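Reading through the structure tokens given below for one structure.
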Amino acid sequence: MKKTVPCLLFLCCLFLQGQKEKTPKFYSLDGSYFYGTIMEHNRDIGHLITGHPTGLILSWNQKTYGLKDWERRYNYPDFGYSFTYQDLKNQYLGETYGLYAHFSFYFFKRNMMFRIGQGLAYNTNPYDPDENYMNNAFGSHLLSTTYLMGNYHKKNIINGFGLQAGVSVIHYSNADIKSPNTSTNTFTFNLGVNYLLDHEAHPAYVPKDEKEKYKEPVHYNFAVRSGVNSTGVVGSPQLPFLTVAAYADKVINRKSTLLGGAELIMSRSLEEFIAYKAVAFPQQENDPDADAKRVGVFVGHQLTFNKMSLITQLGYYAYYPYKSYVEQVYNRIGLQREITKDWWASATVRSHGANAEAVEFSIGYRL
């Protein structure tokens with residue numbers, strides 16, 4: 001996971017609750033204690049791995065029972081919000097507090113649960129050139145964070161209470177909004193309890209429908225993406241970028257949409273990096289007047305949950321005259337929310353392998 005995390009910030013919270021619902025709602029709570037270790041995904045953070053992190057994961061969940069079509073298609077998932085506290089057991093890393101929006105999916109007669117959560121975290125002790133220069137993992141207090149959880153999950157064993165146990169991975173990164181940004185990934189073992197609120201009123205699951213064929217004609221999309229990032233060099237400024245994209249999409253069923261198109265990327269950080277390299281490394285014959293613009297072509301997939309979608313894309317810079325900044329192949333992952341029939345918004349991370357370049361906030365129009 002290194003630096004890549006679909007940095008969806010709190011837009012994903014809005015995505016989850018952005019529509020009015022008239023159907024009944026049912027809720028649960030769960031909490032887990034965890035104990036683990038920071039994985040050395042990069043040798044540069046070896047000096048920061050000095051103990052076994054501990055912490056808590058507390059969650060509020062809205063249960064689904066198939067009262068809507070999309071709930072049955074995904075085997076009655078849960079969605080909600082989580083809070084995490086983690087002591088990283090290192091004086092330079094400090095502690096983190098995280099808030100997430102999450103989805104939970106169930107398998108093997110609902111005894112196994114997989115959860116993915118995305119949100120924001122606050123770190124108590126980020127990099128400081130004078131007071132904390134040893135922390136090369138976090139360049140800012142505010143971080144993007146993702147957690148993955150795989151649990152044996154048994155609900156309502158007695159009076160609404162159940163048990164859960166399994167493993168989690170918690171990732172922190174600021175996606176190069178501010179350097180340094182080596183990031184951390186913590187692998188943990190977790191043990192906890194869950195509780196169904198008003199457990200006697202929860203309904204039975206609505207039976208699944210027979211699979212139906214569904215398709216739409218090709219649609220055309222236009223999008224503008226923007227945000228700020230840095231060059232990856234410690235001390236470099238946070239500068240804006242702008243991306244203009246056009247692509248076509250083809251709905252192949254209720255869940256999946258295929259897409260492909262092109263985009264123009266204009267980055268002030270890349271302009272800064274070109275100027276920096278020309279001055280700092282004159283022996284490399286870097287051209288200070290090199291074009292910082294890039295043109296990418298991409299294909300992708302959109303996995304739809306009601307009005308919210310998970311976006312994954314793979315791209316290639318067809319025009320990229322300055323090749324010393326990032327790799328020529330890139331990827332994008334994030335969440336997209338339908339605002340109206342024609343308009344949508346998204347929050348995504350554009351990366352090169354596992355190295356995140358930017359968090360993108362987008363607005364788009366679909367013909």
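Chain lettering (A, B, ...) mirrors the order of the structure tokens, residue numbering begins at 1 for each chain separately, and ligand numbering begins at 1 in order of display.
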*Quick one: residues within 9 Å of Asn111 (chain A), only C-alpha atoms counted, chain neighbours fewer than 3 positions away excluded, as an NGL selection string?*
:A and (106-108 or 151-155)
Written selection (N, CA, C and O atoms) as an mmCIF file, in the first residue's frame:
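Ended up saving to out_39.cif:
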```
data_model
loop_
_atom_site.group_PDB
_atom_site.id
_atom_site.type_symbol
_atom_site.label_atom_id
_atom_site.label_comp_id
_atom_site.auth_asym_id
_atom_site.auth_seq_id
_atom_site.Cartn_x
_atom_site.Cartn_y
_atom_site.Cartn_z
ATOM 1 N N TYR A 106 -20.146 -9.567 3.731
ATOM 2 C CA TYR A 106 -20.220 -10.826 4.469
ATOM 3 C C TYR A 106 -20.150 -12.025 3.530
ATOM 4 O O TYR A 106 -20.659 -11.991 2.410
ATOM 5 N N PHE A 107 -19.513 -13.098 4.048
ATOM 6 C CA PHE A 107 -19.305 -14.318 3.277
ATOM 7 C C PHE A 107 -19.484 -15.532 4.192
ATOM 8 O O PHE A 107 -19.555 -15.398 5.409
ATOM 9 N N PHE A 108 -19.546 -16.725 3.584
ATOM 10 C CA PHE A 108 -19.615 -17.993 4.317
ATOM 11 C C PHE A 108 -20.731 -17.964 5.374
ATOM 12 O O PHE A 108 -20.484 -18.030 6.571
ATOM 13 N N ASN A 151 -12.651 -10.402 9.607
ATOM 14 C CA ASN A 151 -13.028 -10.935 10.918
ATOM 15 C C ASN A 151 -13.939 -12.156 10.815
ATOM 16 O O ASN A 151 -14.778 -12.243 9.907
ATOM 17 N N TYR A 152 -13.762 -13.068 11.772
ATOM 18 C CA TYR A 152 -14.840 -13.994 12.088
ATOM 19 C C TYR A 152 -15.852 -13.187 12.879
ATOM 20 O O TYR A 152 -15.515 -12.552 13.888
ATOM 21 N N HIS A 153 -17.096 -13.186 12.432
ATOM 22 C CA HIS A 153 -18.102 -12.276 12.976
ATOM 23 C C HIS A 153 -19.346 -13.068 13.344
ATOM 24 O O HIS A 153 -20.017 -13.626 12.469
ATOM 25 N N LYS A 154 -19.656 -13.107 14.598
ATOM 26 C CA LYS A 154 -20.854 -13.815 15.075
ATOM 27 C C LYS A 154 -21.729 -12.831 15.818
ATOM 28 O O LYS A 154 -21.338 -12.274 16.844
ATOM 29 N N LYS A 155 -22.921 -12.564 15.272
ATOM 30 C CA LYS A 155 -23.788 -11.557 15.883
ATOM 31 C C LYS A 155 -24.875 -12.215 16.734
ATOM 32 O O LYS A 155 -25.207 -13.396 16.567
#
```
Neighbouring residues of Thr54 (chain A) were defined as those with any atom within 7 Å, considering only C-alpha atoms; residues of the same chain fewer than 2 positions away were excluded. Please report them as a JSON list (two decimals) with N, CA and C atoms, in the first residue's frame.
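Saved to result_23.json:
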```json
[["chain", "number", "residue", "atom", "x", "y", "z"],
["A", 34, "PHE", "N", -6.81, -3.86, 19.35],
["A", 34, "PHE", "CA", -5.85, -4.50, 18.46],
["A", 34, "PHE", "C", -4.42, -4.35, 18.97],
["A", 35, "TYR", "N", -3.59, -5.29, 18.51],
["A", 35, "TYR", "CA", -2.16, -5.35, 18.85],
["A", 35, "TYR", "C", -1.44, -5.80, 17.59],
["A", 36, "GLY", "N", -0.38, -5.08, 17.20],
["A", 36, "GLY", "CA", 0.24, -5.45, 15.93],
["A", 36, "GLY", "C", 1.65, -4.94, 15.77],
["A", 52, "HIS", "N", 5.31, -2.57, 19.41],
["A", 52, "HIS", "CA", 4.09, -3.16, 18.85],
["A", 52, "HIS", "C", 2.91, -2.23, 19.10],
["A", 86, "GLN", "N", -4.67, 4.87, 17.73],
["A", 86, "GLN", "CA", -3.50, 4.00, 17.63],
["A", 86, "GLN", "C", -2.29, 4.66, 18.28],
["A", 87, "ASP", "N", -1.68, 3.93, 19.21],
["A", 87, "ASP", "CA", -0.39, 4.31, 19.77],
["A", 87, "ASP", "C", 0.66, 3.57, 18.95]]
```
_I need the residues in region 69-312 of chain A that are strand (DSSP E) according to DSSP; give them as a ChimeraX atom specification._
/A:78-87,95-107,112-123,142-158,161-173,184-196,219-229,239-251,256-267,294-305,308-312
_So that I can check the surroundings of region 245-247 of chain A, please list as a PyMOL selection string every protein, DNA and RNA residue that reaches within 12 Å of it, counting only C-alpha atoms and ignoring chain neighbours fewer than 4 positions away._
chain A and resi 218-226+258-266+294-300+313+362-367
Restrict the selected residues to N, CA and C atoms and save them as an mmCIF file, in the first residue's frame.
```cif
data_model
loop_
_atom_site.group_PDB
_atom_site.id
_atom_site.type_symbol
_atom_site.label_atom_id
_atom_site.label_comp_id
_atom_site.auth_asym_id
_atom_site.auth_seq_id
_atom_site.Cartn_x
_atom_site.Cartn_y
_atom_site.Cartn_z
ATOM 1 N N VAL A 218 -23.874 3.720 -24.679
ATOM 2 C CA VAL A 218 -22.635 4.401 -24.318
ATOM 3 C C VAL A 218 -22.937 5.839 -23.887
ATOM 4 N N HIS A 219 -22.305 6.265 -22.784
ATOM 5 C CA HIS A 219 -22.433 7.635 -22.302
ATOM 6 C C HIS A 219 -21.068 8.314 -22.373
ATOM 7 N N TYR A 220 -21.091 9.648 -22.521
ATOM 8 C CA TYR A 220 -19.850 10.419 -22.583
ATOM 9 C C TYR A 220 -19.753 11.326 -21.358
ATOM 10 N N ASN A 221 -18.558 11.378 -20.774
ATOM 11 C CA ASN A 221 -18.331 12.134 -19.555
ATOM 12 C C ASN A 221 -17.255 13.196 -19.761
ATOM 13 N N PHE A 222 -17.443 14.331 -19.092
ATOM 14 C CA PHE A 222 -16.439 15.384 -19.054
ATOM 15 C C PHE A 222 -16.196 15.743 -17.593
ATOM 16 N N ALA A 223 -14.919 15.818 -17.187
ATOM 17 C CA ALA A 223 -14.596 16.019 -15.783
ATOM 18 C C ALA A 223 -13.469 17.028 -15.616
ATOM 19 N N VAL A 224 -13.528 17.748 -14.510
ATOM 20 C CA VAL A 224 -12.452 18.643 -14.091
ATOM 21 C C VAL A 224 -11.990 18.173 -12.724
ATOM 22 N N ARG A 225 -10.681 17.940 -12.574
ATOM 23 C CA ARG A 225 -10.117 17.469 -11.319
ATOM 24 C C ARG A 225 -9.100 18.496 -10.822
ATOM 25 N N SER A 226 -9.040 18.693 -9.502
ATOM 26 C CA SER A 226 -8.086 19.651 -8.966
ATOM 27 C C SER A 226 -7.739 19.309 -7.523
ATOM 28 N N LEU A 258 -17.750 -0.207 -17.712
ATOM 29 C CA LEU A 258 -16.415 -0.088 -18.272
ATOM 30 C C LEU A 258 -16.252 1.313 -18.870
ATOM 31 N N LEU A 259 -15.033 1.859 -18.805
ATOM 32 C CA LEU A 259 -14.822 3.212 -19.301
ATOM 33 C C LEU A 259 -13.421 3.363 -19.877
ATOM 34 N N GLY A 260 -13.262 4.378 -20.731
ATOM 35 C CA GLY A 260 -11.972 4.672 -21.334
ATOM 36 C C GLY A 260 -11.966 6.071 -21.911
ATOM 37 N N GLY A 261 -10.796 6.752 -21.848
ATOM 38 C CA GLY A 261 -10.736 8.110 -22.367
ATOM 39 C C GLY A 261 -9.354 8.704 -22.266
ATOM 40 N N ALA A 262 -9.303 10.034 -22.227
ATOM 41 C CA ALA A 262 -8.025 10.757 -22.197
ATOM 42 C C ALA A 262 -8.150 11.968 -21.283
ATOM 43 N N GLU A 263 -7.000 12.495 -20.841
ATOM 44 C CA GLU A 263 -7.003 13.651 -19.957
ATOM 45 C C GLU A 263 -5.725 14.462 -20.110
ATOM 46 N N LEU A 264 -5.841 15.751 -19.865
ATOM 47 C CA LEU A 264 -4.715 16.678 -19.863
ATOM 48 C C LEU A 264 -4.428 17.064 -18.420
ATOM 49 N N ILE A 265 -3.164 16.856 -17.983
ATOM 50 C CA ILE A 265 -2.774 17.120 -16.598
ATOM 51 C C ILE A 265 -1.783 18.282 -16.580
ATOM 52 N N MET A 266 -2.122 19.326 -15.819
ATOM 53 C CA MET A 266 -1.258 20.495 -15.658
ATOM 54 C C MET A 266 -0.925 20.649 -14.180
ATOM 55 N N ARG A 294 1.150 16.912 -19.191
ATOM 56 C CA ARG A 294 1.076 15.499 -19.544
ATOM 57 C C ARG A 294 -0.294 15.197 -20.145
ATOM 58 N N VAL A 295 -0.312 14.296 -21.112
ATOM 59 C CA VAL A 295 -1.569 13.807 -21.674
ATOM 60 C C VAL A 295 -1.636 12.308 -21.404
ATOM 61 N N GLY A 296 -2.672 11.887 -20.683
ATOM 62 C CA GLY A 296 -2.822 10.481 -20.347
ATOM 63 C C GLY A 296 -4.008 9.851 -21.045
ATOM 64 N N VAL A 297 -3.877 8.598 -21.398
ATOM 65 C CA VAL A 297 -5.005 7.798 -21.885
ATOM 66 C C VAL A 297 -5.249 6.700 -20.854
ATOM 67 N N PHE A 298 -6.498 6.339 -20.610
ATOM 68 C CA PHE A 298 -6.793 5.413 -19.529
ATOM 69 C C PHE A 298 -8.007 4.548 -19.836
ATOM 70 N N VAL A 299 -8.059 3.411 -19.178
ATOM 71 C CA VAL A 299 -9.230 2.534 -19.163
ATOM 72 C C VAL A 299 -9.572 2.279 -17.701
ATOM 73 N N GLY A 300 -10.801 1.869 -17.437
ATOM 74 C CA GLY A 300 -11.164 1.670 -16.041
ATOM 75 C C GLY A 300 -12.445 0.905 -15.853
ATOM 76 N N GLN A 313 -8.906 2.909 -12.251
ATOM 77 C CA GLN A 313 -8.455 3.216 -13.602
ATOM 78 C C GLN A 313 -6.967 2.921 -13.738
ATOM 79 N N SER A 362 -13.062 15.994 -7.941
ATOM 80 C CA SER A 362 -13.551 16.149 -9.319
ATOM 81 C C SER A 362 -15.034 16.465 -9.354
ATOM 82 N N ILE A 363 -15.424 17.177 -10.401
ATOM 83 C CA ILE A 363 -16.816 17.364 -10.732
ATOM 84 C C ILE A 363 -16.970 16.964 -12.191
ATOM 85 N N GLY A 364 -18.036 16.224 -12.507
ATOM 86 C CA GLY A 364 -18.186 15.710 -13.858
ATOM 87 C C GLY A 364 -19.619 15.801 -14.366
ATOM 88 N N TYR A 365 -19.737 15.743 -15.701
ATOM 89 C CA TYR A 365 -21.036 15.774 -16.364
ATOM 90 C C TYR A 365 -21.136 14.589 -17.291
ATOM 91 N N ARG A 366 -22.237 13.865 -17.229
ATOM 92 C CA ARG A 366 -22.440 12.660 -18.018
ATOM 93 C C ARG A 366 -23.564 12.878 -19.017
ATOM 94 N N LEU A 367 -23.257 12.753 -20.285
ATOM 95 C CA LEU A 367 -24.258 12.911 -21.338
ATOM 96 C C LEU A 367 -25.077 11.634 -21.506
#
```
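Between CA of Ser173 (chain A) and CA of Leu310 (chain A) there is a distance of 19.9 Å.
Straight-line separation from CA of Tyr85 (chain A) to CA of Phe26 (chain A): 26.0 Å.
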List as a short mmCIF file (atom, residue, chain, number, x, y, z; two decimals) with C-alpha atoms, in the first residue's frame the protein and nucleic acid residues near Ile45 (chain A), meaning an atom at most 12 Å away when only C-alpha atoms are counted, but skip any in the same chain fewer than 3 places from it.
```cif
data_model
loop_
_atom_site.label_atom_id
_atom_site.label_comp_id
_atom_site.auth_asym_id
_atom_site.auth_seq_id
_atom_site.Cartn_x
_atom_site.Cartn_y
_atom_site.Cartn_z
CA LYS A 2 3.08 2.23 0.54
CA ILE A 38 4.37 -1.70 11.62
CA MET A 39 5.38 -3.41 8.37
CA GLU A 40 8.72 -2.27 6.92
CA HIS A 41 7.52 -1.54 3.39
CA ASN A 42 10.39 0.92 2.98
CA LEU A 48 10.62 4.10 13.41
CA ILE A 49 9.68 0.46 14.09
CA THR A 50 10.54 0.06 17.77
CA ASN A 90 7.58 5.19 18.81
CA TYR A 92 8.90 10.12 16.79
CA LEU A 93 5.63 8.77 15.33
CA MET A 134 13.41 11.68 12.58
CA ASN A 135 9.76 11.29 11.51
CA ASN A 136 10.09 10.87 7.76
CA ALA A 137 6.77 8.95 7.58
CA PHE A 138 4.31 11.81 8.20
CA PRO A 180 7.90 13.87 3.71
CA ASN A 181 5.39 11.10 3.09
CA THR A 182 6.93 7.65 3.47
CA SER A 183 3.71 6.48 5.25
CA THR A 184 3.07 3.52 7.58
CA ASN A 185 1.11 0.25 7.36
#
```
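As for CA of Leu99 (chain A) and CA of Gly119 (chain A), they are spaced 5.6 Å apart.
For the choices A:Phe361, A:Phe305, A:Tyr316, A:Phe187, the atom-to-atom distance to His171 (chain A) is smallest for A:Phe187 when using only C-alpha atoms.
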